[in-house]
Each structure stands twice: as C-alpha cells, then as structure tokens.
Amino acid sequence: RTNEALWGVLERGGVIAGTSAGATSQGFVMPRGDPSGSSQLMADREWHQYGFGYLPNVAFDVHVDARDRWEDLYDVIREDTSQLGIGIAEKTAIVVQGHYFQVVGYEGEREDEDALDESDDLVSAVAVYDCADGRESCNEDDSPYLELVPGQWYDLCAKRVVSGPDTPPPSAPRIYQLPYDFTTDYRLAAPSFRCSGRHCRWLSSAIDLFENL
C-alpha cells in the first residue's frame, strides 16, 4: 500500500524525497541493500537488489565523497549496461523534473572557517556513470564518470549536460489511451519506457507519445 500511495503522489505531480538509503531506494537497481549493512555493494538475495524504480534504469549510490565510493558504481552497471549510475556526494541533492535533473548543493563561500570540522570540507557534486558502450569498457579509464556541480542540468534520455537552471521543460507530448504489453511497464524500467515520463498501469494508463514517433 505504501508503494502504491507513493506512485499516486508522483502521478498527481507531487514530490518524493529521500536521503542516504532513502535516495538509493528510488532507483531500479539498488546498491547496498543488504540488511547486514552498506559495506556490501550488492546484496546476495535478489529481493534486496532492487529499489522502487521511481527513476527507471538508474542505480544510485550515496556518500560517494565522504566514503570514497567514486568508482563503486562501475561494478553495478557493468552487470547491466542499460543502467545509468548516479553517485551523489554529501551535502548534495538532485531534483528530477521529467527526464531532466538539476544538481542542488552548497555554492557560496563559507563565512566561519574556524567553526568547520573535517566533514565541512566536502564539496557538493554528482557523478554520472554511463557504460552503454559495453562491459569491457566499463571502468574509470575507458568510461570516465561525468562530474556535475550545483546548478547544472542533465538530460537522462540524451545522456548529456544541458543548459543551466533556465533549461525549459520538454515540449508537451500528445496523450493516447492504448493497451500495451506488461513487459514494458514503466515500473519494470524497460528501456523502451525510459523517457515516458510517467508511471503506467496495466492496459489502462495514458501513454505519452511525441508527434514524431
């Protein structure tokens, strides 16, 4: 019931937020889901390896700076290169709008240097990992991650940085009521539904089709 209620929030245009494990669980593949702790990158049991899928075809990792996890997501997406890895540093968030997200975090200068501890030296940043070229090149040398800073926008479908905070949303799609096969359900994160921009229900929900498709 909780999961269905959260999907309802998204369908009504609401916002779901989460920090740390709460952020990781919003992707499809879910690193560090083992109940014994987060030191194990992928859980042994399958039902601990997947999140809610609110952002399909994405695997999140968090605390990548404080816990030196910058390269860990390569081991996750190497197993399924259709997944996009997003590593979020501490003091950082991403705000998703459709198939875009913007990085949000600390940008100004610190006022009281004497009051800072070691954790305050961390810099807001997001790393994006894309190994769509294949498993053999899925490493930092051949597929270096893209580092984004606060204020930057990223297009999850085009897999590239787009214009700054004034980036307009994508043009409104035409809406059709069509039946479709359950294997392409948005919540299963099927590649063909990556850019659909909405949650779909079995044989009933509206499907967004752009005019040029």
# chains A, B, ... in the order shown; residues from 1 in each chain; ligands from 1
$ select_by_dssp --residues "region 5-57 of chain A" --states "helix (DSSP H, G or I)" --output "list in words"
Ala5, Leu6, Trp7, Gly8, Val9, Leu10, Glu11, Ala21, Gly22, Ala23, Thr24, Glu46, Trp47 and His48 of chain A
$ write_last_selection --atoms "C-alpha atoms" --output "short mmCIF file (atom, residue, chain, number, x, y, z; two decimals), in the first residue's frame"
data_model
loop_
_atom_site.label_atom_id
_atom_site.label_comp_id
_atom_site.auth_asym_id
_atom_site.auth_seq_id
_atom_site.Cartn_x
_atom_site.Cartn_y
_atom_site.Cartn_z
CA ALA A 5 0.47 5.52 -2.40
CA LEU A 6 3.87 6.92 -3.36
CA TRP A 7 3.23 6.18 -7.03
CA GLY A 8 -0.03 8.07 -6.60
CA VAL A 9 1.88 11.08 -5.28
CA LEU A 10 4.05 11.10 -8.42
CA GLU A 11 1.08 10.70 -10.75
CA ALA A 21 19.33 4.89 1.69
CA GLY A 22 16.11 6.77 1.01
CA ALA A 23 17.68 8.13 -2.15
CA THR A 24 19.24 4.81 -3.21
CA GLU A 46 17.68 -10.80 -5.27
CA TRP A 47 14.84 -9.08 -3.44
CA HIS A 48 17.37 -6.80 -1.75
#
$ residues_around --residues "Val29 (chain A)" --least-positions-apart "3" --cutoff "7 Å" --atoms "only C-alpha atoms" --output "compact mmCIF listing (two decimals) with N, CA and C atoms, in the first residue's frame"
# COMPACT_ATOMS: atom_id res chain seq x y z
N GLN A 49 18.11 -6.43 -4.05
CA GLN A 49 18.94 -5.82 -5.09
C GLN A 49 18.20 -4.77 -5.90
N TYR A 50 16.90 -4.58 -5.64
CA TYR A 50 16.11 -3.67 -6.45
C TYR A 50 15.36 -2.68 -5.58
N GLY A 51 15.27 -1.44 -6.09
CA GLY A 51 14.55 -0.39 -5.38
C GLY A 51 13.13 -0.26 -5.90
N VAL A 58 18.10 3.44 -13.54
CA VAL A 58 19.10 4.21 -12.80
C VAL A 58 19.48 3.45 -11.53
N ALA A 59 20.77 3.45 -11.22
CA ALA A 59 21.27 2.93 -9.95
C ALA A 59 21.96 4.08 -9.21
$ residues_around --residues "Val76 (chain A)" --least-positions-apart "2" --cutoff "8 Å" --atoms "only C-alpha atoms" --output "ChimeraX atom specification"
/A:31,41-42,59,72-74,78-80
$ closest_residue --among "A:Ser143, A:Ser124, A:Gln83, A:Gln40" --to "Gly27 (chain A)" --atoms "only C-alpha atoms"
A:Gln83
$ closest_residue --among "A:Ala158, A:Glu71, A:Asp142, A:Pro150" --to "Lys91 (chain A)" --atoms "only C-alpha atoms"
A:Pro150
$ closest_residue --among "A:Asn139, A:Met30, A:Val15, A:Arg69" --to "Gln97 (chain A)" --atoms "only C-alpha atoms"
A:Val15
$ residues_around --residues "Gly53 (chain A)" --least-positions-apart "3" --cutoff "6 Å" --atoms "only C-alpha atoms" --output "list in words"
Gln26, Gly27, Phe28, Pro56 and Arg187 of chain A
$ closest_residue --among "A:Arg1, A:Gly105, A:Phe52, A:Asn57" --to "Ala132 (chain A)" --atoms "only C-alpha atoms"
A:Asn57
$ atom_distance --atom1 "CA of Gly37 (chain A)" --atom2 "CA of Glu90 (chain A)"
18.7 Å
$ atom_distance --atom1 "CA of Ala89 (chain A)" --atom2 "CA of Val123 (chain A)"
7.5 Å
$ closest_residue --among "A:Leu55, A:Lys159, A:Phe101, A:Ile88" --to "Trp70 (chain A)" --atoms "only C-alpha atoms"
A:Ile88
$ atom_distance --atom1 "CA of Gly33 (chain A)" --atom2 "CA of Thr92 (chain A)"
20.9 Å
